[in-house]
Every structure is written in structure tokens, then in C-alpha cells.
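> Input structure: coords_33.tsv, which contains TSV, C-alpha atoms.
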```
chain	number	residue	atom	x	y	z
A	193	MET	CA	-8.67	-9.87	-14.00
A	194	LYS	CA	-9.07	-13.45	-12.79
A	195	LEU	CA	-6.43	-14.89	-10.48
A	196	HIS	CA	-5.30	-17.57	-12.91
A	197	LEU	CA	-4.69	-14.93	-15.59
A	198	LEU	CA	-2.66	-12.85	-13.16
A	199	GLU	CA	-0.59	-15.88	-12.18
A	200	GLU	CA	-0.07	-16.81	-15.82
A	201	LYS	CA	1.20	-13.33	-16.69
A	202	ILE	CA	3.48	-13.25	-13.65
A	203	GLU	CA	4.87	-16.65	-14.56
A	204	LYS	CA	5.63	-15.48	-18.10
A	205	ALA	CA	6.92	-12.08	-16.98
A	206	PRO	CA	9.95	-10.82	-18.94
A	207	GLN	CA	13.18	-9.61	-17.39
A	208	LEU	CA	12.87	-5.97	-16.34
A	209	ASP	CA	15.61	-3.38	-16.44
A	210	PHE	CA	16.39	-1.79	-13.07
A	211	GLY	CA	17.42	1.56	-14.50
A	212	ASN	CA	14.47	1.72	-16.88
A	213	ILE	CA	12.05	1.15	-14.00
A	214	LEU	CA	13.56	4.05	-12.07
A	215	ASP	CA	13.64	6.36	-15.11
A	216	GLU	CA	9.99	5.75	-15.98
A	217	SER	CA	9.04	6.05	-12.31
A	218	PHE	CA	10.62	9.50	-12.17
A	219	GLU	CA	8.78	10.58	-15.33
A	220	LEU	CA	5.48	9.50	-13.83
A	221	PHE	CA	6.36	11.09	-10.50
A	222	LYS	CA	6.60	14.47	-12.26
A	223	LYS	CA	2.94	14.03	-13.25
A	224	VAL	CA	1.58	12.86	-9.90
A	225	TRP	CA	3.74	14.51	-7.22
A	226	VAL	CA	0.90	16.85	-6.23
A	227	GLN	CA	-1.51	13.95	-5.78
A	228	GLY	CA	1.20	12.06	-3.91
A	229	LEU	CA	1.64	15.01	-1.56
A	230	VAL	CA	-2.11	15.10	-0.88
A	231	ILE	CA	-2.16	11.35	-0.22
A	232	ASN	CA	0.73	11.63	2.24
A	233	LEU	CA	-0.84	14.53	4.11
A	234	LEU	CA	-4.22	12.79	4.30
A	235	THR	CA	-2.56	9.61	5.55
A	236	VAL	CA	-0.77	11.52	8.31
A	237	VAL	CA	-3.98	13.29	9.33
A	238	PHE	CA	-5.89	10.00	9.52
A	239	THR	CA	-3.05	8.16	11.28
A	240	ILE	CA	-2.89	10.57	14.22
A	241	PRO	CA	-6.21	9.35	15.73
A	242	CYS	CA	-4.93	5.76	15.43
A	243	MET	CA	-1.95	6.66	17.59
A	244	PHE	CA	-4.26	7.83	20.37
A	245	ILE	CA	-5.47	4.25	20.69
A	246	PHE	CA	-2.10	3.46	22.24
A	247	TYR	CA	-2.08	6.35	24.70
A	248	VAL	CA	-5.72	6.36	25.87
A	249	PRO	CA	-5.51	3.01	27.80
A	250	MET	CA	-2.25	4.15	29.41
A	251	LEU	CA	-3.90	7.42	30.42
A	252	PHE	CA	-6.83	5.64	32.04
A	253	LEU	CA	-4.48	3.23	33.79
A	254	GLY	CA	-2.39	6.11	35.11
A	255	LEU	CA	-5.49	7.92	36.39
A	256	SER	CA	-6.97	4.84	38.03
A	257	ASN	CA	-3.66	3.61	39.49
A	258	PRO	CA	-1.00	6.36	39.75
A	259	GLU	CA	1.51	3.86	41.17
A	260	ALA	CA	1.43	1.73	38.00
A	261	PHE	CA	4.31	3.71	36.51
A	262	ALA	CA	6.12	4.44	39.77
A	263	ASP	CA	8.56	1.52	39.53
A	264	ASP	CA	11.30	1.29	36.95
A	265	GLY	CA	10.43	-0.62	33.81
A	266	THR	CA	7.08	-1.42	32.25
A	267	PRO	CA	4.64	-3.36	34.45
A	268	PRO	CA	4.06	-6.88	32.98
A	269	VAL	CA	0.29	-6.45	33.20
A	270	LEU	CA	0.51	-3.20	31.24
A	271	LEU	CA	2.75	-4.81	28.64
A	272	LEU	CA	0.58	-7.90	28.20
A	273	PHE	CA	-2.93	-6.46	28.33
A	274	VAL	CA	-2.44	-2.88	27.09
A	275	MET	CA	0.68	-2.17	25.09
A	276	ILE	CA	0.89	-5.30	22.94
A	277	PRO	CA	-2.84	-5.34	22.01
A	278	ALA	CA	-2.66	-1.59	21.35
A	279	TYR	CA	0.31	-2.06	19.02
A	280	VAL	CA	-1.54	-4.81	17.12
A	281	ILE	CA	-4.67	-2.67	16.78
A	282	ILE	CA	-2.64	0.35	15.62
A	283	PHE	CA	-0.76	-1.73	13.05
A	284	PHE	CA	-4.04	-3.20	11.83
A	285	LEU	CA	-5.79	0.17	11.45
A	286	ILE	CA	-2.77	1.77	9.79
A	287	PHE	CA	-2.54	-1.15	7.36
A	288	VAL	CA	-6.21	-0.71	6.42
A	289	LEU	CA	-5.81	3.04	5.98
A	290	ASN	CA	-2.56	2.66	4.07
A	291	THR	CA	-4.10	0.07	1.73
A	292	LEU	CA	-7.08	2.27	0.90
A	293	MET	CA	-5.04	5.45	0.40
A	294	ARG	CA	-2.30	3.79	-1.62
A	295	ALA	CA	-4.87	2.03	-3.81
A	296	GLY	CA	-6.38	5.43	-4.56
A	297	PHE	CA	-2.94	6.80	-5.39
A	298	TYR	CA	-2.14	3.90	-7.73
A	299	ARG	CA	-5.46	4.45	-9.51
A	300	ILE	CA	-4.48	8.09	-10.04
A	301	CYS	CA	-1.06	6.97	-11.30
A	302	LYS	CA	-2.70	4.78	-13.92
A	303	GLN	CA	-5.01	7.58	-15.01
A	304	GLN	CA	-2.12	9.99	-15.43
A	305	ASP	CA	0.10	7.38	-17.05
A	306	LEU	CA	-2.52	6.34	-19.62
A	307	GLY	CA	-3.86	9.84	-20.16
A	308	VAL	CA	-7.33	9.12	-18.75
A	309	SER	CA	-8.99	12.46	-18.05
A	310	THR	CA	-11.00	11.88	-14.89
A	311	SER	CA	-11.06	13.64	-11.55
A	312	ASP	CA	-8.65	12.59	-8.80
A	313	ASN	CA	-10.72	10.64	-6.30
A	314	TYR	CA	-8.49	10.02	-3.29
A	315	PHE	CA	-11.24	8.14	-1.46
A	316	TYR	CA	-12.38	6.00	-4.39
A	317	TYR	CA	-11.93	2.76	-2.46
A	318	PHE	CA	-13.54	4.01	0.74
A	319	LYS	CA	-16.73	2.22	-0.22
A	320	LYS	CA	-18.86	-0.26	1.65
A	321	GLU	CA	-18.22	-3.08	-0.83
A	322	TYR	CA	-14.44	-2.69	-0.42
A	323	LEU	CA	-14.08	-2.03	3.31
A	324	SER	CA	-14.93	-5.52	4.53
A	325	LYS	CA	-12.47	-7.03	2.04
A	326	VAL	CA	-9.68	-4.67	3.05
A	327	PHE	CA	-10.30	-5.40	6.73
A	328	LEU	CA	-10.03	-9.12	6.01
A	329	VAL	CA	-6.85	-8.62	3.96
A	330	ALA	CA	-5.40	-6.54	6.78
A	331	LEU	CA	-6.27	-9.20	9.36
A	332	MET	CA	-4.61	-11.91	7.26
A	333	SER	CA	-1.59	-9.71	6.57
A	334	VAL	CA	-1.10	-8.87	10.25
A	335	GLY	CA	-1.27	-12.58	11.01
A	336	ILE	CA	1.35	-13.36	8.36
A	337	ALA	CA	3.62	-10.55	9.55
A	338	PHE	CA	3.25	-11.61	13.20
A	339	ALA	CA	4.00	-15.25	12.38
A	340	ALA	CA	7.03	-14.21	10.32
A	341	ALA	CA	8.29	-11.98	13.15
A	342	LEU	CA	8.20	-14.94	15.54
A	343	LEU	CA	10.58	-16.83	13.23
A	344	CYS	CA	13.65	-14.77	14.16
A	345	MET	CA	12.59	-11.74	12.03
A	346	LEU	CA	14.31	-12.94	8.82
A	347	PRO	CA	11.06	-14.27	7.28
A	348	LEU	CA	9.45	-10.93	8.14
A	349	PHE	CA	12.13	-9.23	6.05
A	350	TYR	CA	11.03	-11.44	3.15
A	351	VAL	CA	7.23	-11.18	3.46
A	352	LEU	CA	7.28	-7.37	3.69
A	353	VAL	CA	7.87	-7.17	-0.08
A	354	PRO	CA	4.78	-9.22	-1.06
A	355	LEU	CA	2.65	-7.59	1.64
A	356	ASN	CA	3.69	-4.20	0.30
A	357	LEU	CA	2.15	-5.15	-3.06
A	358	VAL	CA	-1.33	-5.78	-1.63
A	359	PRO	CA	-2.58	-2.17	-2.19
A	360	LEU	CA	-1.31	-2.37	-5.78
A	361	PHE	CA	-3.23	-5.55	-6.59
A	362	PHE	CA	-6.28	-4.28	-4.75
A	363	ALA	CA	-6.27	-1.05	-6.76
A	364	PHE	CA	-6.37	-2.83	-10.12
A	365	ASN	CA	-8.20	-6.02	-9.12
A	366	PRO	CA	-10.75	-5.01	-6.48
A	367	ASP	CA	-13.03	-7.90	-7.41
A	368	LEU	CA	-10.54	-10.51	-6.20
A	369	SER	CA	-11.16	-12.05	-2.80
A	370	ALA	CA	-8.87	-11.26	0.12
A	371	LYS	CA	-7.17	-14.65	-0.21
A	372	GLU	CA	-6.66	-14.14	-3.95
A	373	LEU	CA	-5.19	-10.67	-3.42
A	374	LEU	CA	-2.61	-12.07	-1.02
A	375	LYS	CA	-1.87	-15.01	-3.29
A	376	ALA	CA	-1.28	-12.73	-6.31
A	377	SER	CA	0.85	-10.36	-4.22
A	378	PHE	CA	3.05	-13.20	-3.03
A	379	LYS	CA	3.26	-14.60	-6.56
A	380	LEU	CA	4.66	-11.35	-7.97
A	381	GLY	CA	6.59	-10.56	-4.80
A	382	THR	CA	8.38	-13.90	-4.99
A	383	LYS	CA	8.96	-13.75	-8.75
A	384	LYS	CA	10.40	-10.23	-8.68
A	385	TRP	CA	11.49	-10.01	-5.04
A	386	LEU	CA	15.02	-8.76	-5.59
A	387	LEU	CA	14.01	-6.23	-8.25
A	388	ILE	CA	11.10	-4.84	-6.22
A	389	PHE	CA	13.18	-4.69	-3.06
A	390	GLY	CA	16.04	-2.98	-4.88
A	391	VAL	CA	14.04	-0.32	-6.72
A	392	THR	CA	11.95	0.40	-3.62
A	393	ILE	CA	15.05	0.89	-1.45
A	394	VAL	CA	16.77	3.09	-4.05
A	395	ALA	CA	13.64	5.15	-4.72
A	396	GLY	CA	12.93	5.49	-0.99
A	397	PHE	CA	16.49	6.58	-0.26
A	398	ALA	CA	16.42	9.10	-3.11
A	399	ALA	CA	13.08	10.47	-1.90
A	400	GLN	CA	14.43	10.89	1.64
A	401	VAL	CA	17.65	12.57	0.55
A	402	VAL	CA	15.96	15.02	-1.81
A	403	GLY	CA	13.24	15.67	0.76
A	404	MET	CA	15.82	16.54	3.44
A	405	PHE	CA	17.49	18.98	1.08
A	406	LEU	CA	14.09	20.66	0.80
A	407	CYS	CA	14.16	21.61	4.48
A	408	PHE	CA	12.79	18.21	5.60
A	409	VAL	CA	9.21	19.29	4.84
A	410	GLY	CA	9.98	18.27	1.28
A	411	VAL	CA	9.89	14.63	2.38
A	412	PHE	CA	6.11	14.85	2.15
A	413	VAL	CA	6.51	15.93	-1.48
A	414	THR	CA	9.03	13.27	-2.49
A	415	ALA	CA	7.80	10.32	-0.38
A	416	SER	CA	5.34	9.09	-3.03
A	417	PHE	CA	8.22	8.48	-5.44
A	418	SER	CA	9.10	5.32	-3.49
A	419	LEU	CA	5.67	3.84	-4.36
A	420	ILE	CA	5.84	4.34	-8.12
A	421	PRO	CA	8.49	1.69	-9.02
A	422	GLN	CA	6.11	-1.01	-7.76
A	423	TYR	CA	3.45	0.37	-10.07
A	424	MET	CA	5.92	0.18	-12.97
A	425	VAL	CA	6.79	-3.43	-12.17
A	426	TYR	CA	3.08	-4.31	-12.17
A	427	LYS	CA	2.49	-2.44	-15.42
A	428	LYS	CA	5.35	-4.15	-17.24
A	429	THR	CA	4.64	-7.57	-15.75
A	430	ILE	CA	0.85	-7.80	-15.88
A	431	GLY	CA	-0.55	-4.76	-17.67
A	432	PHE	CA	-3.99	-3.32	-17.12
A	433	TYR	CA	-7.54	-4.32	-17.78
A	434	GLU	CA	-9.69	-1.25	-18.26
A	435	ALA	CA	-12.89	-1.88	-16.37
A	436	GLU	CA	-16.14	-0.02	-16.25
A	437	GLU	CA	-15.23	2.00	-13.16
A	438	GLU	CA	-12.49	3.84	-15.09
A	439	LYS	CA	-15.05	5.33	-17.48
A	440	PRO	CA	-17.51	8.15	-16.70
A	441	GLN	CA	-20.54	6.85	-14.90
A	442	GLU	CA	-22.89	8.09	-17.57
A	443	ASN	CA	-21.20	5.84	-20.10
A	444	ASN	CA	-22.83	2.44	-19.67
A	445	THR	CA	-21.05	0.60	-22.44
A	446	ASN	CA	-19.50	-2.75	-21.56
A	447	GLU	CA	-16.50	-2.33	-23.79
A	448	ASN	CA	-13.24	-3.61	-22.29
A	449	LEU	CA	-9.75	-2.65	-23.31
A	450	PHE	CA	-6.75	-4.79	-22.56
A	451	LEU	CA	-3.50	-2.86	-22.35
A	452	LYS	CA	-0.06	-4.33	-22.22
```
Write the structure described by the file as C-alpha cells, please.

Amino acid sequence: MKLHLLEEKIEKAPQLDFGNILDESFELFKKVWVQGLVINLLTVVFTIPCMFIFYVPMLFLGLSNPEAFADDGTPPVLLLFVMIPAYVIIFFLIFVLNTLMRAGFYRICKQQDLGVSTSDNYFYYFKKEYLSKVFLVALMSVGIAFAAALLCMLPLFYVLVPLNLVPLFFAFNPDLSAKELLKASFKLGTKKWLLIFGVTIVAGFAAQVVGMFLCFVGVFVTASFSLIPQYMVYKKTIGFYEAEEEKPQENNTNENLFLK
């Protein structure tokens, strides 16, 4: 869907009921909890190598200069040239991975929600034509988050809601440019900031509590529930445009279906 159509729909978005969003999110969660579990496990598996980026430079520094960590506190050189750049790189890589995996999960949510019988492709967006765009979106998002963090952290608290919508818009509008994805995310994030923040916090808290009752390991099962309310807000605000990629590849018809 074109950016101006997305913005028009967001601008004309109706009032949404908080309780209804949570109820419908739970109903959809019952259909996709297995896929959500797989997504969470895959994300953890792929995140572990990213964490080594932080420790490898410290390991080499410790081997080359054993006295670097002898004094109390973190050496300024280590902090400036190793730890801070490593944190930025880790955040960047995790954002890219999280965007791709969450986009795949949202695509599965739509398939299950609309009754589309296709296979669950967790790596659907791990394609060459999407990777460069996601890297650019991640770079811009990290820049926005870093700039917001410098402004006494309060702006960061605000921009996290729109930035959290980027995988959602990417999943259903992969043809938009990186700039357009961010613009649409901030448009919806600003319009429905309080609602999105509220349902995400409540859903996340509920997922954590139920997961802890399931011997803590259950958190992996329930964690995906916190992502579904955002999907519901998008569905009720914008709707979906069924594109060719949602149909079997052997079907080459150009028929489009607009769903509200």
C-alpha cells in the first residue's frame, strides 16, 4: 500500500476499544502460540552470536594487555573504543534480526487470522531484496534512538513505541522505502501512542506472569502474546492489502483483495 494511503487511513482511524484489542489478541494467540514459540527460540539462538561481538574485543585486549583490567573501574580507552562501539553494533544487529523475525511472525499471524492456508515461513523476509532495506531502517532507527537518549531519556521513552511498529509495517508493506516505513510507523505510533503503549505493557506483563507460573521456561511460550496487540491495532486501523506474495507461487493471477 502506498504511503499516502496508509497515512490517510491512520488519520481517519476510528477509536479502538482497549479490552476488545486484548480479547481478540488472546484469541489469535491461541492459534499462533506454537509459531510464536519457534520465533522466540530462533531469535535467542541467533542473538547469542551477536553477544560475542561484545566479549571478543575484551578478550583480545585482556590477552594483549593483562594489566588493562587490573585497576578498579573500566579503562577510558576500553570504554570509548571497545565497549560503546560494541554496544552500538550489538543493538544494530539485534534490531535487524528482530525486525526480520517479527515481520515473519506478523505474516504468520495474518495468515492464521484470515484463514490463509500456506506454510509457515519463518525466514520469509530473509531475502536479498529486503536485507539492504532492513539494514538501512535499522541504521536510521539506531540513530533516532541514540539522539532521543541524549535528550534526557524522556524522548527515547516516546520514540520506542513508533520504532516498535517498524517490523509490523515492514511485514505488510515491504515495498515501502526505509524512510517511508519509519514515517508510517511514527504516524500510527503518534496517533495511537497511548493505546499501543497500554496494550503492549498489559500484554507483556500478562505474558511474563503466566510464563513464570509455567516454571519460567513458559515465558518463551507466552512472550509472543505481547506482540499481537500491535497487529490488532494495525488490522483495525489500516486493514490489509492482499498482495501476490500471499498466494501460491504457481498462481500468477494479479487479482488483489482489499480487506478491512
> Using all atoms listed in the file, which of the listed residues (A:Ala341, A:Leu346, A:Leu285, A:Ile202) sits closest to Lys383 of chain A?
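Closest to Lys383 of chain A, using all atoms listed in the file: A:Ile202.
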> For segment 363-414 of chain A against segment 311-332 of chain A, with a cut-off of 9 Å and counting all atoms listed in the file, what is the closest atom pair and its distance in Å to one decimal for every residue that makes the cut, ordered by chain and number, as JSON lines?

```
{"residue": "A:Ala363", "atom": "CA", "partner": "A:Tyr317", "partner_atom": "CA", "distance": 8.1}
{"residue": "A:Pro366", "atom": "CA", "partner": "A:Tyr322", "partner_atom": "CA", "distance": 7.5}
{"residue": "A:Asp367", "atom": "CA", "partner": "A:Tyr322", "partner_atom": "CA", "distance": 8.8}
{"residue": "A:Ser369", "atom": "CA", "partner": "A:Lys325", "partner_atom": "CA", "distance": 7.1}
{"residue": "A:Ala370", "atom": "CA", "partner": "A:Val329", "partner_atom": "CA", "distance": 5.1}
{"residue": "A:Lys371", "atom": "CA", "partner": "A:Val329", "partner_atom": "CA", "distance": 7.3}
{"residue": "A:Leu373", "atom": "CA", "partner": "A:Val329", "partner_atom": "CA", "distance": 7.8}
{"residue": "A:Leu374", "atom": "CA", "partner": "A:Val329", "partner_atom": "CA", "distance": 7.4}
```
> Please determine, counting only C-alpha atoms, which residue among A:Ile231, A:Ile430, A:Met243, A:Ile281 has the shortest atom-to-atom distance to Tyr298 of chain A.
A:Ile231
> Counting all atoms listed in the file, which of A:Cys407, A:Ile420, A:Ala339, A:Leu233 gets nearest to Ile393 of chain A?
A:Ile420
> Report, in Å with one decimal, the straight-line distance from atom CA of Ile336 of chain A to atom CA of Phe284 of chain A.
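Separation of atom CA of Ile336 of chain A and atom CA of Phe284 of chain A: 12.0 Å.
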> I need the residue nearest Phe287 of chain A from this list: A:Ala205, A:Cys242, A:Leu387, A:Leu419. Use only C-alpha atoms for the distance.
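Comparing A:Ala205, A:Cys242, A:Leu387, A:Leu419 against Phe287 of chain A, the winner is A:Cys242.
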> Suppose you want the space between atom CA of Ile213 of chain A and atom CA of Ser418 of chain A; what is it in Å?
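Atom-to-atom, atom CA of Ile213 of chain A to atom CA of Ser418 of chain A, that is 11.7 Å.
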> Have a look at A:Phe412, A:Phe417, A:Phe362, A:Phe238 and name the one nearest to Leu214 of chain A; count only C-alpha atoms.
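The shortest atom-to-atom distance to Leu214 of chain A comes from A:Phe417.
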> Tell me, in Å to one decimal, how far atom CA of Glu199 of chain A is from atom CA of Leu289 of chain A.
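Straight-line distance from atom CA of Glu199 of chain A to atom CA of Leu289 of chain A works out to 26.7 Å.
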> Between A:Pro277, A:Pro241, A:Pro354, A:Gly211, which residue has the minimum interatomic distance to Val391 of chain A, considering all atoms listed in the file?
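Closest residue, counting all atoms listed in the file: A:Gly211.
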> Considering only C-alpha atoms, return as an mmCIF file with C-alpha atoms, in the coordinates of the input whatever protein or nucleic-acid residues lie within 10 Å of Lys384 of chain A, sequence-local ones (same chain, fewer than 6 positions apart) excluded.

```cif
data_model
loop_
_atom_site.group_PDB
_atom_site.id
_atom_site.type_symbol
_atom_site.label_atom_id
_atom_site.label_comp_id
_atom_site.auth_asym_id
_atom_site.auth_seq_id
_atom_site.Cartn_x
_atom_site.Cartn_y
_atom_site.Cartn_z
ATOM 1 C CA ILE A 202 3.480 -13.250 -13.650
ATOM 2 C CA ALA A 205 6.920 -12.080 -16.980
ATOM 3 C CA GLN A 207 13.180 -9.610 -17.390
ATOM 4 C CA LEU A 208 12.870 -5.970 -16.340
ATOM 5 C CA VAL A 353 7.870 -7.170 -0.080
ATOM 6 C CA PRO A 354 4.780 -9.220 -1.060
ATOM 7 C CA PHE A 378 3.050 -13.200 -3.030
ATOM 8 C CA GLY A 390 16.040 -2.980 -4.880
ATOM 9 C CA VAL A 425 6.790 -3.430 -12.170
ATOM 10 C CA THR A 429 4.640 -7.570 -15.750
#
```
> Within 8 Å of Gln422 of chain A, counting all atoms listed in the file, which residues qualify if same-chain residues fewer than 4 places away don't, as an MDAnalysis selection string?
chainID A and resid 357 360 388 392 426
> Mind listing as a VMD selection string all residues within 9 Å of (7.6, 10.5, -5.8), counting only C-alpha atoms?
chain A and resid 217 to 218 220 to 222 224 to 225 228 to 229 395 to 396 399 413 to 420
> Residues near Val411 of chain A, anyone? I mean within 7 Å using all atoms listed in the file, not counting same-chain ones fewer than 5 positions away, as a ChimeraX atom specification.
/A:399-400,403-404
> For those residues, write C-alpha atoms to a file as a tab-separated table (two decimals), in the frame of the given file.

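The resulting file, part_7.tsv, is reproduced below:
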```
chain	number	residue	atom	x	y	z
A	399	ALA	CA	13.08	10.47	-1.90
A	400	GLN	CA	14.43	10.89	1.64
A	403	GLY	CA	13.24	15.67	0.76
A	404	MET	CA	15.82	16.54	3.44
```
> Name all residues at most 10 Å from Ala340 of chain A (count all atoms listed in the file; drop same-chain ones fewer than 5 positions away) and give them as a VMD selection string.
chain A and resid 334 to 335 345 to 352
